[in-house]
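Let me begin by presenting the structure, written as structure tokens, before commenting on it.
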Amino acid sequence: MQLIDKLSILADAAKYDVSCASSGAPRRGSKGQSGIGSAGPGICHSFTPDGRCVSLLKILLTNFCLYDCQYCVNRRSSDVPRARFSPEEVVALTLDLYRRNCVSGLFLSSGIIRSADYTMEQLVEVARLLREVHEFRGYIHLKTIPDADPALIEQAGQYADRLSVNIELPSDTSLVRLAPEKTVAGIQRAMGTIRYRQQAVEGEARAPAFAPAGQSTQMIVGADDSDDHRILHTSQSLYRRFRLKRVYYSAFSPIPHSPATVPQAAPPLLREHRLYQADFLMRGYGFRAEELLGKPGNLALDIDPKLAWALEHREQFPVDLNRAEPSLIARVPGIGVLSAQRIEQLRRQRKIRYEDLRRLRCALDKAGPFIVTADYRPRQDSSESLRLRQQLAERPAQQMALW
Amino acid sequence: MRCVRVDGGFADWRDKARTLLHEGVPPALVSWRDELMPADLFAEEALARYAPGSQVTVPRQVLELLERAARFRVAERWALLYRILWRVALGDAAAALPGDPDGSELHLRIKAVGREIHQLHALLRFVPLGGAGLPDYVAWFEPEHEVLDVACGHFAERMGRHSWLIATSRDGVWYDGERFDYRAEAPDEWQTLARTPDPEGQALWLAYYRSTFNPTRVNPQALRQHLPQRLWQQVPEGRLIPALLVQARMGAQRDGQAPEVSVRPGKRIRLRQQD
Ligand code: SF4
């Protein structure tokens, strides 16, 4: 089979893993040195027609797989074309596309062939060739095979910027049902191994780096009936236990010859979007899962989770932008962390007025009912949350544009 | 009214602005001219270079912001900068902050310049060339603002000792693996080299682009938001986009597999008997 045909098959097989970040690695470069590649802030080299960033060469080493995960296009019972790269082929492709400035690195994963250990060895070999033989300093993300020997995971972390183990599904029972060969214990053990190794080098300036861009995971949304409440709590506990950098949410995407155990249709992409917004509020704004969703159920689709929280907590508003703590200002719908900082900066010079917010590009239609400035008090201050919600809800036409 | 022409970029403007500031000429009385804003009724004047010794102090940070914003190509770009300089020199520090009417315009320009640098880093595509006296890689790019000289260092970090040449319709830079040769006006021969076509070389990348796209998630608005249509011609995959959009929208496809893959025969895998 020609290289280009393998690439078509193995990129197609890898695209259901949504992570494509190339950020978080320590700054490094090759100026004046042998070898090639730099790392720094992530770069999106292109966008596919679904609006997703293309930053890394995201492929599988092979889509032959002995496992039978029901939601996966590569499961052994799936009738898909199969292909396999040699480690050298992956290396050559990565370097070629890197030099052309098409990608900033490699995200490599694989179906399970022969055994977990054998598969992991192959992935590590690709990273080793890139780093040691070709002195490649671009970004490498390796998917970690859960049941692989911890010694292999340790090796992987010496070469890779990021390691990830997919949690796959939000609940343990769903995993048992839909991914019979995988175990929660195995997945968590791998996450724990990575976390343990990271801790071992933390604060040790001279220790060799271990997966410096951290570990991430992916959860499939809508392949089972877990609700957003369950999903956010699972994420929160993963963030706490394993210090994950990111949890990625992937709306279940119907696959060819779908088995009867998984849905035939995708969940609304808007649901995935709301989960990302809620996740961002947990990571960047100090919200807890139980604040965002107090009881079982899903996040609202018609309003974003920050607005939903504000409408439930009217007693905290309106917030006086000339007095409030920046962390509270950042909790106002339509005002982000950056704007909150800028407001704080500006108010040291003079009083904040309503017009200032427009110039700071705050979403005033959202923020309006929740703020006080030197020259403004909300009229809707007294109006009921339900009325406000109707006014502020996004119309369906706008929903698409969100992605 | 004073009519002052800037043709040496930011450094030239800074010298002239200092002189005017020192002479106490308020912004409303200066009309700035440059290549985008040629002469008019007023005769342009040659300004004596600012005489060192008589100090005007402006925080270094503010000068750095002005330098950034000066890269934004727009007629009248210098008037805003002088107004801010004037206000800051008189003690009005808010003039350079994003919440201020002048400051917000300044920061919009800075943001646009930053975006342009980022886009150059992201969307430029190198074509392998090599050969005696030729750079290993060449690229043609057309940034909207004047960013090549600050943006190009990134590629020395990325490409190690490889030599490369980047040209735009205005300027160009040739890196020989050790030193940068930047020209505000790229020689014709650089421009020709930089536009070397490479249809076959792009085949792998285009195949990848097609396959990594999931047609069940097609979203033209999101695509346009991140990759505005004017940029489609900057990148080789841009010409695939219209067809991919149509294909996905026709709904022929209810799963995510690329058509190039689904036409191939499939293979189920049988487990070997365990003993
Ligand atoms: S292990 Fe499961 S999820 Fe991974 S490739 Fe195989 S079938 Fe797919």
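Ligands are numbered from 1 in the order shown, residues from 1 within each chain, and chains are lettered A, B, ... in the order they appear in the structure tokens.
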
Subject >> DSSP alpha helix (DSSP H) residues within segment 127-335 of chain A, listed as a PyMOL selection string >> reply: chain A and resi 127-128+150-159+172-178+184-201+228-242+269-284+289-292+305-312+326-329

**OP:** Skip Arg243 of chain A itself and residues of its chain fewer than 3 positions away, then list as an NGL selection string all residues within 10 Å of it, counting only C-alpha atoms.
**Re:** :A and (191-192 or 195 or 198 or 214-216 or 236-240 or 246)

Write the residues of the preceding selection, restricted to all heavy atoms, as a compact mmCIF listing (two decimals), in the first residue's frame.
```
# COMPACT_ATOMS: atom_id res chain seq x y z
N MET A 191 -3.13 6.67 34.59
CA MET A 191 -3.14 8.10 34.94
C MET A 191 -2.32 8.34 36.21
O MET A 191 -1.59 9.33 36.31
CB MET A 191 -4.57 8.58 35.20
CG MET A 191 -5.41 8.70 33.95
SD MET A 191 -7.08 9.24 34.38
CE MET A 191 -7.71 9.65 32.75
N GLY A 192 -2.44 7.41 37.14
CA GLY A 192 -1.70 7.54 38.40
C GLY A 192 -0.20 7.42 38.19
O GLY A 192 0.59 8.16 38.80
N ARG A 195 0.93 10.73 36.81
CA ARG A 195 0.91 11.75 37.86
C ARG A 195 2.07 11.57 38.83
O ARG A 195 2.74 12.52 39.24
CB ARG A 195 -0.43 11.69 38.61
CG ARG A 195 -0.54 12.62 39.80
CD ARG A 195 -0.58 14.09 39.36
NE ARG A 195 -0.26 14.99 40.47
CZ ARG A 195 0.58 16.01 40.38
NH1 ARG A 195 1.19 16.28 39.24
NH2 ARG A 195 0.80 16.79 41.42
N GLN A 198 5.27 12.72 37.32
CA GLN A 198 5.31 14.19 37.25
C GLN A 198 5.68 14.77 38.60
O GLN A 198 6.51 15.67 38.70
CB GLN A 198 3.95 14.73 36.83
CG GLN A 198 3.69 14.59 35.36
CD GLN A 198 2.32 15.12 35.00
OE1 GLN A 198 1.36 14.93 35.75
NE2 GLN A 198 2.22 15.76 33.86
N GLY A 214 1.97 18.08 30.43
CA GLY A 214 0.92 17.50 31.27
C GLY A 214 0.15 16.37 30.63
O GLY A 214 0.44 15.94 29.51
N GLN A 215 -0.83 15.87 31.37
CA GLN A 215 -1.65 14.80 30.82
C GLN A 215 -3.08 15.25 30.60
O GLN A 215 -3.58 16.13 31.29
CB GLN A 215 -1.57 13.53 31.67
CG GLN A 215 -2.34 13.50 32.96
CD GLN A 215 -2.42 12.08 33.54
OE1 GLN A 215 -2.82 11.13 32.87
NE2 GLN A 215 -2.03 11.94 34.81
N SER A 216 -3.70 14.66 29.61
CA SER A 216 -5.09 15.00 29.31
C SER A 216 -5.87 13.72 29.10
O SER A 216 -5.31 12.62 29.13
CB SER A 216 -5.15 15.88 28.05
OG SER A 216 -4.67 15.17 26.93
N GLN A 236 -14.29 16.88 37.30
CA GLN A 236 -13.76 17.56 38.48
C GLN A 236 -12.89 16.60 39.30
O GLN A 236 -11.81 16.97 39.76
CB GLN A 236 -14.91 18.09 39.33
CG GLN A 236 -14.45 18.79 40.58
CD GLN A 236 -15.59 19.61 41.20
OE1 GLN A 236 -15.87 20.74 40.79
NE2 GLN A 236 -16.26 19.02 42.17
N SER A 237 -13.35 15.38 39.43
CA SER A 237 -12.55 14.46 40.24
C SER A 237 -11.26 14.08 39.51
O SER A 237 -10.22 13.89 40.14
CB SER A 237 -13.39 13.27 40.70
OG SER A 237 -13.16 12.17 39.88
N LEU A 238 -11.31 14.00 38.18
CA LEU A 238 -10.06 13.73 37.43
C LEU A 238 -9.08 14.89 37.57
O LEU A 238 -7.87 14.68 37.74
CB LEU A 238 -10.37 13.49 35.95
CG LEU A 238 -11.09 12.18 35.61
CD1 LEU A 238 -11.52 12.18 34.15
CD2 LEU A 238 -10.20 10.99 35.91
N TYR A 239 -9.60 16.11 37.48
CA TYR A 239 -8.72 17.27 37.63
C TYR A 239 -8.05 17.23 39.00
O TYR A 239 -6.88 17.52 39.16
CB TYR A 239 -9.50 18.58 37.48
CG TYR A 239 -9.80 18.96 36.04
CD1 TYR A 239 -11.09 19.26 35.62
CD2 TYR A 239 -8.77 19.03 35.10
CE1 TYR A 239 -11.36 19.61 34.31
CE2 TYR A 239 -9.04 19.38 33.79
CZ TYR A 239 -10.34 19.67 33.40
OH TYR A 239 -10.59 20.02 32.10
N ARG A 240 -8.83 16.87 40.01
CA ARG A 240 -8.28 16.90 41.36
C ARG A 240 -7.31 15.76 41.62
O ARG A 240 -6.24 15.95 42.17
CB ARG A 240 -9.41 16.84 42.39
CG ARG A 240 -10.14 18.16 42.46
CD ARG A 240 -11.20 18.15 43.52
NE ARG A 240 -11.94 19.41 43.48
CZ ARG A 240 -13.14 19.57 44.00
NH1 ARG A 240 -13.74 18.57 44.60
NH2 ARG A 240 -13.73 20.74 43.91
N ARG A 246 -6.20 18.94 30.81
CA ARG A 246 -7.47 19.13 30.09
C ARG A 246 -8.27 17.85 30.06
O ARG A 246 -7.72 16.75 29.94
CB ARG A 246 -7.19 19.50 28.62
CG ARG A 246 -6.78 20.91 28.36
CD ARG A 246 -7.86 21.92 28.70
NE ARG A 246 -9.07 21.77 27.88
CZ ARG A 246 -9.25 22.34 26.71
NH1 ARG A 246 -8.33 23.09 26.18
NH2 ARG A 246 -10.38 22.18 26.04
```

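A distance cut-off of 7 Å from ligand 1, applied to only C-alpha atoms and all ligand atoms, picks out the residues Asn63, Cys65, Leu66, Tyr67, Asp68, Cys69, Cys72, Val73, Asn74, Arg75, Arg76, Ser110, Gly111, Ile112 and Ala179 of chain A.
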
**OP:** as a PyMOL selection string, please: all residues of segment 29-261 of chain A that backbone DSSP puts in strand (DSSP E or B).
**Re:** chain A and resi 36+39+46-47+53-54+57-60+62+80+84+105-109+136+139-143+162-164+168+215-221+246-251

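Near Ser211 of chain B, within 6 Å and counting only C-alpha atoms, sit Ser8, Ala11 and Asp12 of chain A; Tyr208, Tyr209, Phe213 and Ala258 of chain B, not including residues fewer than 2 positions from it in the same chain.
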
**OP:** Restrict the distance test to only C-alpha atoms, flag each residue of chain A within 7 Å of chain B, and return the flagged residues as number ranges by chain.
**Re:** A: 4, 7-9, 11-12, 15, 29-38, 43-51, 66, 76-82, 99-102, 253-256, 346, 349, 356, 359-360, 401, 403

**OP:** May I have the residues within 10 Å of segment 250-252 of chain A as a list in words, using only C-alpha atoms and disregarding those fewer than 4 positions away in the same chain?
**Re:**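 My list of contacting residues is Tyr16, Asp17, Val18, Ser19, Tyr71, Cys72, Glu168, Gln218, Met219, Ile220, Val221, Gly222, Ala223, Asp224, Val262, Pro263, Gln264, Ala265, Ala266, Pro267, Pro268, Leu269, Leu270, Arg271, Glu272, His273, Leu275 and Tyr276 of chain A; Arg217 of chain B.
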
Original post:
Which distance in Å separates atom CA of Val88 of chain B and atom CA of Ala11 of chain B, to one decimal?
Top reply: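 Between these atoms lies a distance of 18.7 Å.
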
Identify, on the basis of only C-alpha atoms, every residue whose closest approach to segment 70-80 of chain B does not exceed 7 Å; exclude the query and any residue fewer than 2 positions from it along the same chain; express the result as an mmCIF file with N, CA and C atoms, in the first residue's frame.
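around25.cif, written as the output of this step:
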```
data_model
loop_
_atom_site.group_PDB
_atom_site.id
_atom_site.type_symbol
_atom_site.label_atom_id
_atom_site.label_comp_id
_atom_site.auth_asym_id
_atom_site.auth_seq_id
_atom_site.Cartn_x
_atom_site.Cartn_y
_atom_site.Cartn_z
ATOM 1 N N PHE B 10 8.865 53.431 11.803
ATOM 2 C CA PHE B 10 8.641 53.899 13.169
ATOM 3 C C PHE B 10 9.775 54.783 13.678
ATOM 4 N N TRP B 32 -0.005 64.136 9.273
ATOM 5 C CA TRP B 32 1.041 63.149 8.966
ATOM 6 C C TRP B 32 0.824 62.559 7.586
ATOM 7 N N LEU B 36 0.943 55.609 2.193
ATOM 8 C CA LEU B 36 -0.479 55.335 2.049
ATOM 9 C C LEU B 36 -1.299 56.609 2.038
ATOM 10 N N MET B 37 -0.655 57.729 2.311
ATOM 11 C CA MET B 37 -1.358 58.986 2.519
ATOM 12 C C MET B 37 -0.507 60.089 1.912
ATOM 13 N N LEU B 66 3.464 51.741 20.984
ATOM 14 C CA LEU B 66 3.347 52.550 19.770
ATOM 15 C C LEU B 66 4.083 51.894 18.604
ATOM 16 N N GLU B 67 5.235 51.303 18.904
ATOM 17 C CA GLU B 67 6.018 50.652 17.848
ATOM 18 C C GLU B 67 5.219 49.507 17.234
ATOM 19 N N ARG B 68 4.582 48.727 18.101
ATOM 20 C CA ARG B 68 3.738 47.631 17.620
ATOM 21 C C ARG B 68 2.622 48.142 16.712
ATOM 22 N N TYR B 82 0.663 59.903 17.545
ATOM 23 C CA TYR B 82 1.143 61.181 18.067
ATOM 24 C C TYR B 82 0.211 61.716 19.150
ATOM 25 N N ARG B 83 -1.094 61.510 18.938
ATOM 26 C CA ARG B 83 -2.064 61.970 19.931
ATOM 27 C C ARG B 83 -1.816 61.274 21.276
ATOM 28 N N ILE B 84 -1.555 59.987 21.215
ATOM 29 C CA ILE B 84 -1.318 59.247 22.458
ATOM 30 C C ILE B 84 -0.010 59.684 23.104
ATOM 31 N N ARG B 109 -5.336 47.952 17.124
ATOM 32 C CA ARG B 109 -4.292 47.815 16.103
ATOM 33 C C ARG B 109 -3.224 46.824 16.549
ATOM 34 N N VAL B 113 -2.121 43.398 14.700
ATOM 35 C CA VAL B 113 -0.733 43.117 14.319
ATOM 36 C C VAL B 113 -0.299 41.763 14.895
ATOM 37 N N HIS B 145 -0.352 43.376 7.400
ATOM 38 C CA HIS B 145 0.373 44.444 8.088
ATOM 39 C C HIS B 145 1.879 44.182 8.012
ATOM 40 N N GLU B 146 2.672 45.138 8.497
ATOM 41 C CA GLU B 146 4.122 45.036 8.303
ATOM 42 C C GLU B 146 4.769 44.236 9.424
ATOM 43 N N VAL B 147 4.777 42.926 9.273
ATOM 44 C CA VAL B 147 5.204 42.091 10.392
ATOM 45 C C VAL B 147 6.368 41.151 10.071
#
```

Original post:
Suppose you want the space between atom CA of Lys306 of chain A and atom CA of Arg331 of chain A; what is it in Å?
Top reply: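 Atom-to-atom, atom CA of Lys306 of chain A to atom CA of Arg331 of chain A, that is 7.2 Å.
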
**OP:** Excluding Pro26 of chain A and residues on its chain fewer than 2 positions from it, collect all residues at most 8 Å away from it, counting only C-alpha atoms, and give them as a list in words.
**Re:** Gly24, Arg28, Ala39, Gly40, Pro212 and Ala213 of chain A

Subject >> Å distance separating atom CA of Glu125 of chain A from atom CA of Pro180 of chain A, one decimal place >> reply: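 Computing the Euclidean distance for atom CA of Glu125 of chain A and atom CA of Pro180 of chain A yields 28.1 Å.
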
Subject >> Within 10 Å of Ser339 of chain A using only C-alpha atoms, minus same-chain residues under 4 positions, as JSON, numbers by chain >> reply: {"A": [326, 329, 330, 334, 335, 343, 344, 345, 357, 360, 361, 362], "B": [98, 99]}

Produce a file of the selected residues containing C-alpha atoms, as a CSV table (one decimal), in the first residue's frame.
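Final output, saved to part-v8.csv:
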```csv
chain,number,residue,atom,x,y,z
A,326,PRO,CA,-11.6,41.2,40.2
A,329,ILE,CA,-16.1,40.8,38.4
A,330,ALA,CA,-15.0,37.8,36.3
A,334,GLY,CA,-20.3,38.7,29.5
A,335,ILE,CA,-17.1,39.8,31.3
A,343,ILE,CA,-11.2,47.0,34.5
A,344,GLU,CA,-9.1,46.8,37.7
A,345,GLN,CA,-6.2,48.4,35.9
A,357,LEU,CA,-17.1,48.4,28.9
A,360,LEU,CA,-13.3,46.6,26.5
A,361,ARG,CA,-15.5,44.5,24.3
A,362,CYS,CA,-17.6,43.1,27.1
B,98,PRO,CA,-7.6,49.7,26.4
B,99,GLY,CA,-10.5,51.4,28.2
```

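Of the listed residues (B:Ala96, B:Cys152, B:Leu20, B:Ala186), B:Leu20 comes nearest to Glu45 of chain B; the distances count only C-alpha atoms.
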